[in-house]
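Q: Quick one: structure below, then a few questions.
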Amino acid sequence: VSGGVPDLAPEQLPLPVRPVSPSVEPPLAALLELTHRCPLQCPYCSNPLEMDRVQAELTTEEWCRVISELAMLGALQVHFSGGEPTVRQDLVDLVRHAREVGFYTNLITSGAAITRPRFLALIDAGLDHVQLSFQDAEPNSAVRISHVPNIQEKKLAFAGWVRESGTPLTVNAVIHRQNIDHIDAMIDLAVKLHANRLEVAHVQYYGWALANRAALMPSRAQLEFVTERVMDARERYRGKLVIDYVVPDYYAHQPKACMGGWGRQFLNITPSGKVLPCHAAETIPGMTFPSVREQPLADIWAHAEAFQRFRGTDWMPEPCRGCDQREIDWGGCRCQALAITGDAAAADPACAKSSWHAAMQEIAATASDASSQTDFRYRRMAAAPKH
Ligand code: FES
């Protein structure tokens, strides 16, 4: 992948930067949250509770400049995300520009807000890959979770266009207590759609999912059931369908290397241009996140306090500091440490060595026991719950 920049309008040219620190590797990929607008209202959305309004969104020229800066920085992939990225009328232009500057481009979508001609225009612009989310395999449940009528028909039609175009397709199935019994049907759906990859991802409890934890958390027995079904399907579909599996941290014993480690491989850019080390970083109090409107991206990546704060291993407390896994899990997830312990610098409670580990498992057991709680607090721009 080339990092070269083709002929660009002046406003699309990268801002001048200080040299990137030699000790900081370039990011592998960037998640571009083009907008927080979305026709769906999923109660586990990873967007923040307080979302950016359309008036605050970066313009087409600003996004093109940012994409050029990312290429100059040495990143290889851009993921167009949201909200629902296809509601941006300039998505085709942004994909084309990303391809022109050498990126592998991925569209993360619900498939519910795009027509066939527009999808074909994206392919024409050079879109490389599509990741399509499903709320459930069972249509009525999918409607209830997304809060959108006829959602399944729209998604199935969209998946058909993707396959017709020969574009690689990943199906993303988000699993929680209220759809967990349909795991076999979700695997069958991915097979039927000729997906190349299926991501079975248990809800991770940040943002809206944290607000809905008691309605979403599975029991340990349900988790074990899904794990067994996924392992079985991996054997059955070996060579036909790759299945990724993301377990909920609340039942884990070792932390995951969240985002591949803070400020190591990924960055998120919000609709209004704030640059974050992860999608939930804004929940951490006392941190400020620079904007691409004010500072060159390379400068932010290499030098911003928000990226330096938990980068590498120097910030780690015990037991992380002396742990032989510290350069494997990079301390786990800072946002989860904050959500459970109140301290973003604490050991991730998903780790069995954390003094909060038992408390986290207790929270999971209590939340999963609330089987009478099935009502969702839907993701709505105007109805962000107070926190
Ligand atoms: Fe922020 Fe894991 S989500 S570090």
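Ligands are numbered from 1 in the order shown, chains are lettered A, B, ... in the order of the structure tokens, and residues start at 1 in each chain.
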Could you give me, as an MDAnalysis selection string, the residues within 9 Å of Glu62 in chain A, counting only C-alpha atoms and dropping anything in the same chain fewer than 3 positions from it?

A: chainID A and resid 11:12 58:59 65:67 273 292:293

Q: Which residues of range 93-204 of chain A come within 12 Å of range 233-254 of chain A, and what is each one's closest atom pair and distance in Å (one decimal), counting only C-alpha atoms, sorted by chain and residue number, as a tab-separated table?

A:
```
residue	atom	partner	partner_atom	distance
A:Pro168	CA	A:Leu241	CA	11.7
A:Leu169	CA	A:Leu241	CA	10.6
A:Thr170	CA	A:Val242	CA	9.2
A:Val171	CA	A:Ile243	CA	9.6
A:Asn172	CA	A:Asp244	CA	9.4
A:Ala173	CA	A:Tyr245	CA	9.9
A:Val174	CA	A:Val246	CA	9.5
A:Ile175	CA	A:Val247	CA	9.5
A:His176	CA	A:Pro248	CA	9.4
A:Arg177	CA	A:Pro248	CA	11.6
A:Ile183	CA	A:Ala233	CA	10.3
A:Asp184	CA	A:Ala233	CA	8.5
A:Ala185	CA	A:Ala233	CA	11.3
A:Met186	CA	A:Ala233	CA	10.9
A:Ile187	CA	A:Ala233	CA	7.5
A:Asp188	CA	A:Ala233	CA	9.2
A:Leu189	CA	A:Leu241	CA	11.6
A:Ala190	CA	A:Leu241	CA	8.3
A:Val191	CA	A:Leu241	CA	7.2
A:Lys192	CA	A:Leu241	CA	10.7
A:Leu193	CA	A:Leu241	CA	10.7
A:His194	CA	A:Leu241	CA	8.2
A:Ala195	CA	A:Leu241	CA	6.9
A:Asn196	CA	A:Leu241	CA	5.4
A:Arg197	CA	A:Val242	CA	4.6
A:Leu198	CA	A:Ile243	CA	4.8
A:Glu199	CA	A:Asp244	CA	4.7
A:Val200	CA	A:Tyr245	CA	4.9
A:Ala201	CA	A:Val246	CA	4.6
A:His202	CA	A:Pro248	CA	5.4
A:Val203	CA	A:Pro248	CA	6.5
A:Gln204	CA	A:Pro248	CA	6.0
```

Q: Considering only helix (DSSP H, G or I) as DSSP defines it on the backbone, what residues of range 85-257 of chain A qualify? List them as an MDAnalysis selection string.

A: chainID A and resid 85:87 91:100 116:125 139:146 151:165 180:192 207:211 213:216 220:236 249:251

Q: Could you please extract the residues within 6 Å of ligand 1, counting only C-alpha atoms and all ligand atoms, and hand them back as number ranges by chain?

A: A: 258, 278-281, 333-335

Q: Using Å and a single decimal, report how far CA of Gly261 in chain A sits from CA of Ser219 in chain A.

A: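 Computing it gives 28.3 Å between the two atoms.
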
Q: Determine, counting only C-alpha atoms, which protein, DNA and RNA residues have an atom within 12 Å of an atom of range 162-164 of chain A; residues of the same chain fewer than 6 positions away are not included. Present the result as a list in words.

A: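 Here the answer would be Leu107, Thr109, Gly111, Ile114, Thr115, Arg116, Pro117, Arg118, Phe119, Leu120, Leu122, Ile123, Leu127, Asp128, His129, Val130, Gln131, Leu132, Lys155, Leu156, Thr170, Val171, Ala190, Lys192, Leu193, His194, Ala195 and Asn196 of chain A.
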
Q: Calculate how many Å separate CA of Asn106 in chain A from CA of Val78 in chain A, rounding to one decimal.

A: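 So the two atoms, CA of Asn106 in chain A and CA of Val78 in chain A, lie 6.3 Å apart.
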
Q: Which distance in Å separates CA of Gln308 in chain A and CA of Leu76 in chain A, to one decimal?

A: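 Computing the Euclidean distance for CA of Gln308 in chain A and CA of Leu76 in chain A yields 21.7 Å.
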
Q: Could you give me, as a list of chain:residue names, the residues within 9 Å of Ala98 in chain A, counting only C-alpha atoms and dropping anything in the same chain fewer than 6 positions from it?

A: A:Cys64, A:Ile67, A:Ser68, A:Ala71, A:Val78, A:Tyr104, A:Thr105, A:Gly126

Q: Output C-alpha atoms of each residue in that selection to a file, as a PDB file, in the first residue's frame.

A:
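Listed below is the output, selection.pdb:
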```pdb
ATOM      1  CA  CYS A  64     -10.384  14.150   2.688  1.00  0.00           C
ATOM      2  CA  ILE A  67      -7.577  10.692   5.103  1.00  0.00           C
ATOM      3  CA  SER A  68      -4.545  12.158   3.313  1.00  0.00           C
ATOM      4  CA  ALA A  71      -1.880   7.994   4.499  1.00  0.00           C
ATOM      5  CA  VAL A  78      -9.617   2.930   6.946  1.00  0.00           C
ATOM      6  CA  TYR A 104      -7.712  -0.680   2.013  1.00  0.00           C
ATOM      7  CA  THR A 105     -11.294   0.472   2.620  1.00  0.00           C
ATOM      8  CA  GLY A 126     -13.025   1.208  -4.908  1.00  0.00           C
TER       9      GLY A 126
END
```

Q: Would you mind writing down, as a PDB file with N, CA and C atoms, in the first residue's frame, each residue of range 71-292 of chain A that DSSP on the backbone assigns to strand (DSSP E or B)?

A:
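Heads up, here's the output in out_1.pdb:
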```pdb
ATOM      1  N   GLN A  77      -5.236   0.891   6.647  1.00  0.00           N
ATOM      2  CA  GLN A  77      -6.666   0.617   6.446  1.00  0.00           C
ATOM      3  C   GLN A  77      -7.497   1.757   7.016  1.00  0.00           C
ATOM      4  N   VAL A  78      -8.615   2.054   6.332  1.00  0.00           N
ATOM      5  CA  VAL A  78      -9.617   2.930   6.946  1.00  0.00           C
ATOM      6  C   VAL A  78     -10.958   2.206   6.979  1.00  0.00           C
ATOM      7  N   HIS A  79     -11.606   2.338   8.120  1.00  0.00           N
ATOM      8  CA  HIS A  79     -12.921   1.729   8.318  1.00  0.00           C
ATOM      9  C   HIS A  79     -13.935   2.866   8.397  1.00  0.00           C
ATOM     10  N   PHE A  80     -14.861   2.886   7.449  1.00  0.00           N
ATOM     11  CA  PHE A  80     -15.902   3.918   7.458  1.00  0.00           C
ATOM     12  C   PHE A  80     -17.033   3.427   8.341  1.00  0.00           C
ATOM     13  N   SER A  81     -17.293   4.188   9.410  1.00  0.00           N
ATOM     14  CA  SER A  81     -18.232   3.727  10.413  1.00  0.00           C
ATOM     15  C   SER A  81     -19.104   4.892  10.855  1.00  0.00           C
ATOM     16  N   TYR A 104      -6.729   0.408   2.046  1.00  0.00           N
ATOM     17  CA  TYR A 104      -7.712  -0.680   2.013  1.00  0.00           C
ATOM     18  C   TYR A 104      -8.943  -0.132   2.732  1.00  0.00           C
ATOM     19  N   THR A 105     -10.106  -0.205   2.079  1.00  0.00           N
ATOM     20  CA  THR A 105     -11.294   0.472   2.620  1.00  0.00           C
ATOM     21  C   THR A 105     -12.361  -0.531   3.046  1.00  0.00           C
ATOM     22  N   ASN A 106     -12.896  -0.301   4.209  1.00  0.00           N
ATOM     23  CA  ASN A 106     -13.925  -1.187   4.771  1.00  0.00           C
ATOM     24  C   ASN A 106     -15.136  -0.341   5.167  1.00  0.00           C
ATOM     25  N   LEU A 107     -16.321  -0.826   4.826  1.00  0.00           N
ATOM     26  CA  LEU A 107     -17.564  -0.140   5.213  1.00  0.00           C
ATOM     27  C   LEU A 107     -18.240  -0.946   6.318  1.00  0.00           C
ATOM     28  N   ILE A 108     -18.460  -0.309   7.471  1.00  0.00           N
ATOM     29  CA  ILE A 108     -19.149  -0.951   8.592  1.00  0.00           C
ATOM     30  C   ILE A 108     -20.563  -0.396   8.608  1.00  0.00           C
ATOM     31  N   THR A 109     -21.559  -1.232   8.308  1.00  0.00           N
ATOM     32  CA  THR A 109     -22.893  -0.698   8.039  1.00  0.00           C
ATOM     33  C   THR A 109     -23.991  -1.610   8.568  1.00  0.00           C
ATOM     34  N   HIS A 129     -14.242  -3.907   1.088  1.00  0.00           N
ATOM     35  CA  HIS A 129     -14.793  -4.893   2.022  1.00  0.00           C
ATOM     36  C   HIS A 129     -16.027  -4.316   2.713  1.00  0.00           C
ATOM     37  N   VAL A 130     -16.989  -5.199   3.028  1.00  0.00           N
ATOM     38  CA  VAL A 130     -18.197  -4.760   3.740  1.00  0.00           C
ATOM     39  C   VAL A 130     -18.362  -5.589   5.011  1.00  0.00           C
ATOM     40  N   GLN A 131     -18.648  -4.900   6.085  1.00  0.00           N
ATOM     41  CA  GLN A 131     -18.998  -5.567   7.355  1.00  0.00           C
ATOM     42  C   GLN A 131     -20.442  -5.196   7.685  1.00  0.00           C
ATOM     43  N   LEU A 132     -21.299  -6.195   7.658  1.00  0.00           N
ATOM     44  CA  LEU A 132     -22.744  -5.970   7.815  1.00  0.00           C
ATOM     45  C   LEU A 132     -23.208  -6.541   9.156  1.00  0.00           C
ATOM     46  N   SER A 133     -23.858  -5.690   9.956  1.00  0.00           N
ATOM     47  CA  SER A 133     -24.306  -6.146  11.279  1.00  0.00           C
ATOM     48  C   SER A 133     -25.710  -6.745  11.195  1.00  0.00           C
ATOM     49  N   PHE A 134     -25.957  -7.753  12.025  1.00  0.00           N
ATOM     50  CA  PHE A 134     -27.309  -8.302  12.196  1.00  0.00           C
ATOM     51  C   PHE A 134     -27.670  -8.262  13.671  1.00  0.00           C
ATOM     52  N   LEU A 169     -17.461 -10.182   2.281  1.00  0.00           N
ATOM     53  CA  LEU A 169     -18.486  -9.809   3.265  1.00  0.00           C
ATOM     54  C   LEU A 169     -18.185 -10.439   4.628  1.00  0.00           C
ATOM     55  N   THR A 170     -18.188  -9.611   5.652  1.00  0.00           N
ATOM     56  CA  THR A 170     -18.160 -10.107   7.033  1.00  0.00           C
ATOM     57  C   THR A 170     -19.522  -9.838   7.653  1.00  0.00           C
ATOM     58  N   VAL A 171     -20.136 -10.864   8.234  1.00  0.00           N
ATOM     59  CA  VAL A 171     -21.378 -10.684   8.984  1.00  0.00           C
ATOM     60  C   VAL A 171     -21.008 -10.518  10.454  1.00  0.00           C
ATOM     61  N   ASN A 172     -21.548  -9.470  11.055  1.00  0.00           N
ATOM     62  CA  ASN A 172     -21.271  -9.191  12.452  1.00  0.00           C
ATOM     63  C   ASN A 172     -22.542  -9.478  13.256  1.00  0.00           C
ATOM     64  N   ALA A 173     -22.498 -10.500  14.103  1.00  0.00           N
ATOM     65  CA  ALA A 173     -23.667 -10.863  14.922  1.00  0.00           C
ATOM     66  C   ALA A 173     -23.373 -10.493  16.370  1.00  0.00           C
ATOM     67  N   VAL A 174     -24.104  -9.523  16.880  1.00  0.00           N
ATOM     68  CA  VAL A 174     -23.881  -9.088  18.262  1.00  0.00           C
ATOM     69  C   VAL A 174     -24.796  -9.908  19.173  1.00  0.00           C
ATOM     70  N   ILE A 175     -24.189 -10.570  20.151  1.00  0.00           N
ATOM     71  CA  ILE A 175     -24.908 -11.542  20.981  1.00  0.00           C
ATOM     72  C   ILE A 175     -25.123 -10.985  22.389  1.00  0.00           C
ATOM     73  N   ARG A 197     -16.666 -14.281   6.341  1.00  0.00           N
ATOM     74  CA  ARG A 197     -16.294 -14.277   7.753  1.00  0.00           C
ATOM     75  C   ARG A 197     -17.525 -13.950   8.584  1.00  0.00           C
ATOM     76  N   LEU A 198     -17.613 -14.582   9.746  1.00  0.00           N
ATOM     77  CA  LEU A 198     -18.674 -14.261  10.712  1.00  0.00           C
ATOM     78  C   LEU A 198     -17.998 -13.836  12.004  1.00  0.00           C
ATOM     79  N   GLU A 199     -18.399 -12.687  12.508  1.00  0.00           N
ATOM     80  CA  GLU A 199     -17.888 -12.278  13.810  1.00  0.00           C
ATOM     81  C   GLU A 199     -19.015 -12.434  14.820  1.00  0.00           C
ATOM     82  N   VAL A 200     -18.870 -13.404  15.720  1.00  0.00           N
ATOM     83  CA  VAL A 200     -19.847 -13.569  16.809  1.00  0.00           C
ATOM     84  C   VAL A 200     -19.281 -12.789  17.997  1.00  0.00           C
ATOM     85  N   ALA A 201     -19.877 -11.655  18.254  1.00  0.00           N
ATOM     86  CA  ALA A 201     -19.305 -10.755  19.268  1.00  0.00           C
ATOM     87  C   ALA A 201     -20.299 -10.555  20.397  1.00  0.00           C
ATOM     88  N   HIS A 202     -19.959 -11.017  21.582  1.00  0.00           N
ATOM     89  CA  HIS A 202     -20.783 -10.672  22.743  1.00  0.00           C
ATOM     90  C   HIS A 202     -20.698  -9.168  22.958  1.00  0.00           C
ATOM     91  N   VAL A 242     -14.906 -18.362   8.009  1.00  0.00           N
ATOM     92  CA  VAL A 242     -14.046 -18.075   9.165  1.00  0.00           C
ATOM     93  C   VAL A 242     -14.944 -17.491  10.258  1.00  0.00           C
ATOM     94  N   ILE A 243     -14.844 -18.011  11.465  1.00  0.00           N
ATOM     95  CA  ILE A 243     -15.682 -17.483  12.563  1.00  0.00           C
ATOM     96  C   ILE A 243     -14.787 -16.890  13.650  1.00  0.00           C
ATOM     97  N   ASP A 244     -14.921 -15.577  13.850  1.00  0.00           N
ATOM     98  CA  ASP A 244     -14.233 -14.920  14.966  1.00  0.00           C
ATOM     99  C   ASP A 244     -15.186 -14.921  16.156  1.00  0.00           C
ATOM    100  N   TYR A 245     -14.619 -14.983  17.340  1.00  0.00           N
ATOM    101  CA  TYR A 245     -15.477 -15.076  18.523  1.00  0.00           C
ATOM    102  C   TYR A 245     -14.945 -14.129  19.599  1.00  0.00           C
ATOM    103  N   VAL A 246     -15.790 -13.216  20.029  1.00  0.00           N
ATOM    104  CA  VAL A 246     -15.395 -12.244  21.065  1.00  0.00           C
ATOM    105  C   VAL A 246     -16.230 -12.514  22.308  1.00  0.00           C
ATOM    106  N   PHE A 266      -4.381   1.566  16.557  1.00  0.00           N
ATOM    107  CA  PHE A 266      -5.643   2.117  16.045  1.00  0.00           C
ATOM    108  C   PHE A 266      -5.919   3.510  16.596  1.00  0.00           C
ATOM    109  N   LEU A 267      -6.689   4.237  15.831  1.00  0.00           N
ATOM    110  CA  LEU A 267      -7.270   5.467  16.366  1.00  0.00           C
ATOM    111  C   LEU A 267      -8.681   5.616  15.823  1.00  0.00           C
ATOM    112  N   ASN A 268      -9.480   6.357  16.580  1.00  0.00           N
ATOM    113  CA  ASN A 268     -10.865   6.669  16.192  1.00  0.00           C
ATOM    114  C   ASN A 268     -10.957   8.158  15.929  1.00  0.00           C
ATOM    115  N   ILE A 269     -11.676   8.507  14.905  1.00  0.00           N
ATOM    116  CA  ILE A 269     -11.952   9.940  14.707  1.00  0.00           C
ATOM    117  C   ILE A 269     -13.465  10.126  14.765  1.00  0.00           C
ATOM    118  N   LYS A 274     -12.717  14.818  16.713  1.00  0.00           N
ATOM    119  CA  LYS A 274     -11.860  14.514  17.856  1.00  0.00           C
ATOM    120  C   LYS A 274     -11.140  13.189  17.605  1.00  0.00           C
ATOM    121  N   VAL A 275      -9.882  13.105  18.015  1.00  0.00           N
ATOM    122  CA  VAL A 275      -9.100  11.890  17.780  1.00  0.00           C
ATOM    123  C   VAL A 275      -8.976  11.138  19.101  1.00  0.00           C
ATOM    124  N   LEU A 276      -9.451   9.892  19.098  1.00  0.00           N
ATOM    125  CA  LEU A 276      -9.512   9.097  20.330  1.00  0.00           C
ATOM    126  C   LEU A 276      -8.696   7.818  20.175  1.00  0.00           C
ATOM    127  N   SER A 291      -8.421  17.830  18.284  1.00  0.00           N
ATOM    128  CA  SER A 291      -9.246  17.742  17.081  1.00  0.00           C
ATOM    129  C   SER A 291      -8.379  17.872  15.831  1.00  0.00           C
TER     130      SER A 291
END
```

Q: Please determine, counting only C-alpha atoms, which residue among A:Thr35, A:Thr366, A:Thr374, A:Ser46 has the shortest atom-to-atom distance to Gln89 in chain A.

A: A:Thr35

Q: Tell me which of A:Met287, A:Gln336, A:Asp232, A:Gln41 sits closest to Ile151 in chain A, counting only C-alpha atoms.

A: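 Using only C-alpha atoms, the shortest distance to Ile151 in chain A belongs to A:Gln41.
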
Q: Taking only C-alpha atoms into account, which of A:Asp136, A:Asp348, A:Glu282, A:Asp314 comes nearest Cys42 in chain A?

A: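 Closest residue, counting only C-alpha atoms: A:Asp136.
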
Q: So, with only C-alpha atoms as the atoms that count, which of A:Arg377, A:His357, A:His182, A:Arg309 lies closest to Ala214 in chain A?

A: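 Closest to Ala214 in chain A of all the choices is A:Arg377.
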
Q: Check the smallest atom-to-atom distance from each of A:Lys256, A:Val101, A:Thr270, A:Ala215 to Pro85 in chain A using only C-alpha atoms, then report the winner.

A: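 Going through A:Lys256, A:Val101, A:Thr270, A:Ala215 one by one, the smallest distance to Pro85 in chain A is for A:Thr270.
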